[in-house]
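Data from structure-v3.pdb: PDB, C-alpha atoms
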```pdb
ATOM      1  CA  ARG A  83     -17.144 -87.902 -76.846
ATOM      2  CA  LYS A  84     -19.643 -86.340 -79.210
ATOM      3  CA  VAL A  85     -18.633 -84.590 -82.418
ATOM      4  CA  CYS A  86     -20.684 -81.720 -83.766
ATOM      5  CA  PRO A  87     -19.943 -80.437 -87.292
ATOM      6  CA  GLU A  88     -20.623 -76.816 -86.376
ATOM      7  CA  ILE A  89     -17.877 -76.535 -83.730
ATOM      8  CA  PRO A  90     -14.479 -78.078 -82.941
ATOM      9  CA  VAL A  91     -14.334 -81.423 -81.133
ATOM     10  CA  LEU A  92     -15.140 -81.737 -77.440
ATOM     11  CA  ASP A  93     -12.258 -83.744 -76.004
ATOM     12  CA  VAL A  94     -12.329 -85.683 -72.735
ATOM     13  CA  PRO A  95      -9.065 -87.066 -71.294
ATOM     14  CA  MET A  96      -9.062 -90.760 -70.383
ATOM     15  CA  THR A  97      -8.721 -89.800 -66.737
ATOM     16  CA  ILE A  98     -12.420 -88.921 -66.801
ATOM     17  CA  ARG A  99     -15.540 -90.744 -67.877
ATOM     18  CA  ILE A 100     -18.458 -88.441 -68.633
ATOM     19  CA  ILE A 101     -21.907 -89.583 -67.559
ATOM     20  CA  PHE A 102     -24.229 -88.716 -70.432
ATOM     21  CA  ALA A 103     -27.473 -88.691 -68.481
ATOM     22  CA  ALA A 104     -30.424 -86.851 -69.971
ATOM     23  CA  THR A 105     -29.726 -83.790 -67.831
ATOM     24  CA  ALA A 106     -25.938 -84.035 -67.861
ATOM     25  CA  ALA A 107     -24.815 -84.283 -71.491
ATOM     26  CA  PRO A 108     -23.005 -81.364 -73.129
ATOM     27  CA  THR A 109     -25.204 -79.472 -75.576
ATOM     28  CA  TRP A 110     -24.264 -77.536 -78.697
ATOM     29  CA  SER A 111     -25.754 -74.608 -80.516
ATOM     30  CA  ALA A 112     -23.818 -73.090 -83.432
ATOM     31  CA  ASP A 113     -20.433 -72.144 -81.911
ATOM     32  CA  THR A 114     -21.579 -72.504 -78.300
ATOM     33  CA  VAL A 115     -20.869 -75.460 -76.041
ATOM     34  CA  THR A 116     -22.670 -75.871 -72.720
ATOM     35  CA  ILE A 117     -20.806 -78.250 -70.407
ATOM     36  CA  PRO A 118     -22.394 -79.748 -67.304
ATOM     37  CA  ILE A 119     -19.457 -81.324 -65.453
ATOM     38  CA  TRP A 120     -20.700 -84.716 -64.237
ATOM     39  CA  SER A 121     -17.626 -86.932 -64.217
ATOM     40  CA  ILE A 122     -15.766 -89.665 -62.338
ATOM     41  CA  PRO A 123     -12.109 -90.858 -62.401
ATOM     42  CA  SER A 124     -11.243 -93.511 -64.944
ATOM     43  CA  ARG A 125      -8.061 -94.765 -66.604
ATOM     44  CA  THR A 126      -4.757 -93.480 -67.928
ATOM     45  CA  PRO A 127      -4.464 -89.959 -69.342
ATOM     46  CA  GLY A 128      -4.959 -89.619 -73.075
ATOM     47  CA  ARG A 129      -6.045 -87.121 -75.713
ATOM     48  CA  SER A 130      -7.592 -87.126 -79.134
ATOM     49  CA  SER A 131      -6.778 -84.675 -81.897
ATOM     50  CA  ALA A 132      -7.996 -81.060 -82.224
ATOM     51  CA  PRO A 133      -9.476 -80.625 -78.742
ATOM     52  CA  THR A 134     -11.492 -77.580 -77.827
ATOM     53  CA  VAL A 135     -12.575 -78.183 -74.248
ATOM     54  CA  HIS A 136     -11.190 -80.556 -71.647
ATOM     55  CA  VAL A 137     -13.195 -81.751 -68.671
ATOM     56  CA  CYS A 138     -10.626 -82.744 -66.054
ATOM     57  CA  SER A 139     -10.411 -84.080 -62.475
ATOM     58  CA  PRO A 140     -11.681 -83.049 -60.051
ATOM     59  CA  PRO A 141     -15.189 -83.061 -61.542
ATOM     60  CA  THR A 142     -15.924 -79.499 -60.476
ATOM     61  CA  THR A 143     -12.877 -77.997 -62.197
ATOM     62  CA  LEU A 144     -13.124 -76.806 -65.789
ATOM     63  CA  LYS A 145     -10.037 -76.688 -67.990
ATOM     64  CA  ALA A 146      -9.667 -76.146 -71.716
ATOM     65  CA  THR A 147      -7.124 -76.078 -74.490
ATOM     66  CA  THR A 148      -6.344 -73.197 -76.813
ATOM     67  CA  SER A 149      -9.001 -72.962 -79.511
ATOM     68  CA  PRO A 150      -8.953 -69.901 -81.767
ATOM     69  CA  ALA A 151     -12.305 -71.028 -83.251
ATOM     70  CA  LEU A 152     -14.239 -71.089 -79.969
ATOM     71  CA  THR A 153     -16.606 -68.100 -79.810
ATOM     72  CA  SER A 154     -18.947 -68.772 -76.884
ATOM     73  CA  VAL A 155     -18.875 -70.720 -73.619
ATOM     74  CA  VAL A 156     -21.599 -71.412 -71.069
ATOM     75  CA  ILE A 157     -20.264 -72.784 -67.773
ATOM     76  CA  SER A 158     -22.803 -74.771 -65.787
ATOM     77  CA  ASP A 159     -23.751 -74.026 -62.184
ATOM     78  CA  ASN A 160     -22.199 -77.247 -60.851
ATOM     79  CA  VAL A 161     -18.695 -76.115 -61.845
ATOM     80  CA  THR A 162     -16.895 -74.517 -58.890
ATOM     81  CA  THR A 163     -13.469 -73.733 -60.356
ATOM     82  CA  ILE A 164     -12.335 -72.357 -63.710
ATOM     83  CA  GLY A 165      -8.802 -73.721 -63.863
ATOM     84  CA  GLU A 166      -5.494 -72.024 -64.581
ATOM     85  CA  GLY A 167      -5.247 -70.912 -68.205
ATOM     86  CA  ALA A 168      -8.600 -72.566 -68.940
ATOM     87  CA  PHE A 169      -9.482 -70.408 -71.944
ATOM     88  CA  ALA A 170      -6.240 -68.444 -72.377
ATOM     89  CA  THR A 171      -5.498 -67.375 -75.960
ATOM     90  CA  CYS A 172      -8.968 -68.313 -77.217
ATOM     91  CA  TYR A 173      -8.745 -65.275 -79.453
ATOM     92  CA  SER A 174     -12.268 -65.569 -80.916
ATOM     93  CA  LEU A 175     -14.027 -66.103 -77.588
ATOM     94  CA  ALA A 176     -16.578 -63.277 -77.499
ATOM     95  CA  SER A 177     -19.130 -64.536 -74.970
ATOM     96  CA  VAL A 178     -18.694 -66.210 -71.574
ATOM     97  CA  GLU A 179     -21.495 -67.089 -69.174
ATOM     98  CA  ILE A 180     -20.119 -68.022 -65.741
ATOM     99  CA  GLY A 181     -22.367 -70.292 -63.689
ATOM    100  CA  GLU A 182     -23.642 -69.383 -60.235
ATOM    101  CA  GLY A 183     -21.697 -72.253 -58.675
ATOM    102  CA  VAL A 184     -18.253 -70.953 -59.635
ATOM    103  CA  THR A 185     -16.255 -69.770 -56.605
ATOM    104  CA  SER A 186     -12.789 -69.359 -58.133
ATOM    105  CA  ILE A 187     -11.374 -68.118 -61.441
ATOM    106  CA  GLY A 188      -7.818 -69.353 -61.928
ATOM    107  CA  LEU A 189      -4.545 -67.786 -62.977
ATOM    108  CA  ALA A 190      -4.753 -66.365 -66.530
ATOM    109  CA  ALA A 191      -8.031 -68.254 -67.050
ATOM    110  CA  PHE A 192      -9.215 -65.895 -69.809
ATOM    111  CA  ALA A 193      -5.937 -64.146 -70.638
ATOM    112  CA  GLN A 194      -5.596 -62.883 -74.217
ATOM    113  CA  CYS A 195      -9.241 -63.529 -75.110
ATOM    114  CA  SER A 196      -9.046 -60.513 -77.363
ATOM    115  CA  ALA A 197     -12.634 -60.743 -78.685
ATOM    116  CA  LEU A 198     -14.225 -60.759 -75.229
ATOM    117  CA  THR A 199     -16.183 -57.541 -74.654
ATOM    118  CA  SER A 200     -18.012 -58.060 -71.353
ATOM    119  CA  VAL A 201     -17.965 -60.360 -68.324
ATOM    120  CA  VAL A 202     -20.332 -60.859 -65.410
ATOM    121  CA  ILE A 203     -18.564 -62.379 -62.390
ATOM    122  CA  PRO A 204     -21.448 -63.726 -60.281
ATOM    123  CA  ASP A 205     -21.971 -63.385 -56.530
ATOM    124  CA  SER A 206     -20.728 -66.943 -55.999
ATOM    125  CA  VAL A 207     -17.153 -66.027 -57.015
ATOM    126  CA  LYS A 208     -14.858 -65.307 -54.070
ATOM    127  CA  ASN A 209     -11.450 -65.375 -55.724
ATOM    128  CA  VAL A 210     -10.137 -64.114 -59.061
ATOM    129  CA  ASP A 211      -6.492 -65.076 -59.528
ATOM    130  CA  SER A 212      -3.746 -62.981 -61.108
ATOM    131  CA  SER A 213      -3.900 -62.102 -64.821
ATOM    132  CA  ALA A 214      -7.292 -63.813 -65.135
ATOM    133  CA  PHE A 215      -8.416 -61.366 -67.840
ATOM    134  CA  ALA A 216      -5.077 -59.821 -68.795
ATOM    135  CA  HIS A 217      -4.652 -58.657 -72.405
ATOM    136  CA  CYS A 218      -8.375 -58.862 -73.190
ATOM    137  CA  ASP A 219      -8.057 -55.992 -75.623
ATOM    138  CA  SER A 220     -11.779 -55.562 -76.390
ATOM    139  CA  LEU A 221     -13.053 -55.876 -72.827
ATOM    140  CA  THR A 222     -15.146 -52.815 -71.967
ATOM    141  CA  SER A 223     -17.502 -53.987 -69.203
ATOM    142  CA  VAL A 224     -16.939 -56.124 -66.088
ATOM    143  CA  GLU A 225     -19.492 -56.724 -63.344
ATOM    144  CA  ILE A 226     -18.236 -58.103 -60.026
ATOM    145  CA  GLY A 227     -20.521 -59.692 -57.445
ATOM    146  CA  ASP A 228     -20.738 -58.624 -53.819
ATOM    147  CA  ASN A 229     -19.100 -61.719 -52.311
ATOM    148  CA  ILE A 230     -15.636 -61.284 -53.804
ATOM    149  CA  THR A 231     -12.848 -61.570 -51.207
ATOM    150  CA  SER A 232      -9.656 -61.689 -53.276
ATOM    151  CA  ILE A 233      -8.455 -60.253 -56.598
ATOM    152  CA  GLY A 234      -4.917 -61.049 -57.716
ATOM    153  CA  VAL A 235      -2.221 -59.010 -59.400
ATOM    154  CA  GLY A 236      -2.785 -57.660 -62.898
ATOM    155  CA  VAL A 237      -6.196 -59.273 -63.383
ATOM    156  CA  PHE A 238      -7.122 -56.598 -65.940
ATOM    157  CA  THR A 239      -3.647 -55.601 -67.138
ATOM    158  CA  TYR A 240      -3.683 -54.232 -70.697
ATOM    159  CA  CYS A 241      -7.473 -54.160 -70.832
ATOM    160  CA  ASP A 242      -7.192 -50.651 -72.187
ATOM    161  CA  GLN A 243     -10.864 -50.353 -73.213
ATOM    162  CA  LEU A 244     -12.229 -51.319 -69.801
ATOM    163  CA  VAL A 245     -14.548 -48.711 -68.272
ATOM    164  CA  PHE A 246     -14.136 -48.115 -64.527
ATOM    165  CA  THR A 247     -16.101 -46.165 -61.952
ATOM    166  CA  GLU A 248     -13.764 -43.491 -60.616
ATOM    167  CA  HIS A 249     -13.703 -42.021 -57.121
ATOM    168  CA  GLU A 250     -10.977 -39.934 -55.456
ATOM    169  CA  ASN A 251      -8.320 -41.051 -57.944
ATOM    170  CA  GLY A 252      -9.289 -44.721 -57.623
ATOM    171  CA  ARG A 253     -10.646 -46.940 -60.388
ATOM    172  CA  TYR A 254     -13.311 -49.401 -59.284
ATOM    173  CA  LEU A 255     -15.383 -52.279 -60.606
ATOM    174  CA  GLY A 256     -18.612 -53.551 -59.098
ATOM    175  CA  ASN A 257     -22.239 -53.973 -60.001
ATOM    176  CA  GLU A 258     -25.413 -51.958 -60.402
ATOM    177  CA  SER A 259     -26.161 -51.800 -56.672
ATOM    178  CA  ASN A 260     -22.540 -51.171 -55.647
ATOM    179  CA  PRO A 261     -20.143 -49.933 -58.337
ATOM    180  CA  TYR A 262     -17.292 -49.711 -55.794
ATOM    181  CA  VAL A 263     -16.968 -53.382 -54.812
ATOM    182  CA  ALA A 264     -13.319 -53.668 -55.888
ATOM    183  CA  LEU A 265     -10.548 -51.090 -56.116
ATOM    184  CA  ILE A 266      -8.617 -52.263 -59.166
ATOM    185  CA  THR A 267      -6.021 -49.561 -59.731
ATOM    186  CA  ILE A 268      -5.115 -45.920 -59.169
ATOM    187  CA  ALA A 269      -5.584 -43.251 -61.823
ATOM    188  CA  SER A 270      -2.490 -41.296 -60.768
ATOM    189  CA  THR A 271       0.491 -42.590 -58.811
ATOM    190  CA  SER A 272       1.799 -39.137 -57.901
ATOM    191  CA  GLU A 273      -0.561 -38.472 -54.981
ATOM    192  CA  SER A 274       0.572 -38.651 -51.358
ATOM    193  CA  THR A 275      -2.804 -39.714 -49.964
ATOM    194  CA  TYR A 276      -5.705 -41.776 -51.265
ATOM    195  CA  THR A 277      -9.246 -42.222 -49.997
ATOM    196  CA  ILE A 278     -10.866 -45.609 -50.600
ATOM    197  CA  HIS A 279     -14.626 -45.612 -51.088
ATOM    198  CA  GLU A 280     -16.542 -46.768 -48.006
ATOM    199  CA  ASP A 281     -18.414 -49.450 -49.961
ATOM    200  CA  THR A 282     -15.246 -51.146 -51.232
ATOM    201  CA  LYS A 283     -14.866 -54.779 -50.166
ATOM    202  CA  VAL A 284     -11.559 -55.768 -51.756
ATOM    203  CA  ILE A 285      -8.381 -54.130 -53.065
ATOM    204  CA  ALA A 286      -6.774 -55.841 -56.029
ATOM    205  CA  GLY A 287      -3.155 -56.950 -55.814
ATOM    206  CA  ASN A 288      -0.702 -54.187 -56.764
ATOM    207  CA  ALA A 289      -3.508 -51.617 -56.871
ATOM    208  CA  PHE A 290      -1.091 -49.041 -55.468
ATOM    209  CA  TYR A 291       1.897 -50.142 -57.531
ATOM    210  CA  ARG A 292       4.425 -47.321 -58.090
ATOM    211  CA  CYS A 293       2.695 -44.960 -55.692
ATOM    212  CA  GLY A 294       6.146 -43.843 -54.547
ATOM    213  CA  VAL A 295       5.119 -40.684 -52.690
ATOM    214  CA  MET A 296       2.181 -42.197 -50.813
ATOM    215  CA  THR A 297       2.376 -41.452 -47.093
TER     216      THR A 297
END
```

Go ahead and express the file in the form of structure tokens.
Amino acid sequence: RKVCPEIPVLDVPMTIRIIFAATAAPTWSADTVTIPIWSIPSRTPGRSSAPTVHVCSPPTTLKATTSPALTSVVISDNVTTIGEGAFATCYSLASVEIGEGVTSIGLAAFAQCSALTSVVIPDSVKNVDSSAFAHCDSLTSVEIGDNITSIGVGVFTYCDQLVFTEHENGRYLGNESNPYVALITIASTSESTYTIHEDTKVIAGNAFYRCGVMT
């Protein structure tokens, strides 16, 4: 464990031993922590005080504790999973860089990160679990890669500032080359028919919730 005076403590449970090779050690810059997850199982679980980020088994899964002081996170390319609730209620978290190796974003992983304004979900990500970005009050921009296959329920619930691309009463998120990758929700639930854009690859869970007159 390395302590940096500019940011809260990086905490590693005793179940993991971090290999601090020249290319594998966490690095710090102001309030940013970059975490390459190179780890192997070790002894009995344990924690030190005031943790900010946990690196947990398996080595490719990133988990964290609540840290209101954390403002920026860079997730390395060798991480494949952002675990359930990983950065939930990190209220000051304003910047997240998701590595190209990440394939799954867990349940409520970034829920209630109220300072977060934009997110790029890279092409490597296939699954975004329910409520992953719920209650991110300042979130205005989300880019979703072309290889997404599953988006859970309420991923962007109460993200009232989020800007969608609209088409035929549907609200979509995507990227510059295809803004219609994912149908997230419906603008009006009172329609009887809906037309999904031809370039859409995935429909989010509960996208048609309360569409009671849909035929």

Report the residues retrieved by the PyMOL selection byres ((chain A and resi 218-234) around 7) from the displayed file, expressed as a PyMOL selection string.
-> chain A and resi 193-212+215-217+235-237+240-245+255-257+263+284+286-287

Check what the PyMOL selection byres ((chain A and resi 265) around 8) selects in the file above and give those residues as a list in words.
-> Gly252, Arg253, Tyr254, Leu255, Tyr262, Val263, Ala264, Ile266, Thr267, Ile278, Thr282, Val284, Ile285, Ala286 and Ala289 of chain A

Please indicate the distance in Å from atom CA of Val178 of chain A to atom CA of Ile157 of chain A, rounded to one decimal place.
-> 7.8 Å

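The smallest atom-to-atom distance between Phe192 of chain A and any of A:Glu166, A:Glu250, A:Glu280, A:Asp159, using all atoms listed in the file, is found for A:Glu166.
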
Residue IDs satisfying the PyMOL selection byres ((chain A and resi 167) around 7), as a ChimeraX atom specification | /A:165-166,168-170,188-192

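With distances restricted to only C-alpha atoms, A:Ser177 is the closest residue to Thr153 of chain A from A:Ser274, A:Thr171, A:Asn251, A:Ser177.
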
Distance atom CA of Ser174 of chain A-atom CA of Val161 of chain A, one decimal place?
->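 Here the two named atoms are 22.7 Å from each other.
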
What is the distance, in Å and to one decimal place, between atom CA of Thr277 of chain A and atom CA of Ile187 of chain A?
->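 Going from atom CA of Thr277 of chain A over to atom CA of Ile187 of chain A covers 28.4 Å.
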
With distances taken over only C-alpha atoms, which of A:Thr239, A:Lys283, A:Phe246, A:Ala151 is nearest to Ala269 of chain A?
->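 Closest residue, counting only C-alpha atoms: A:Phe246.
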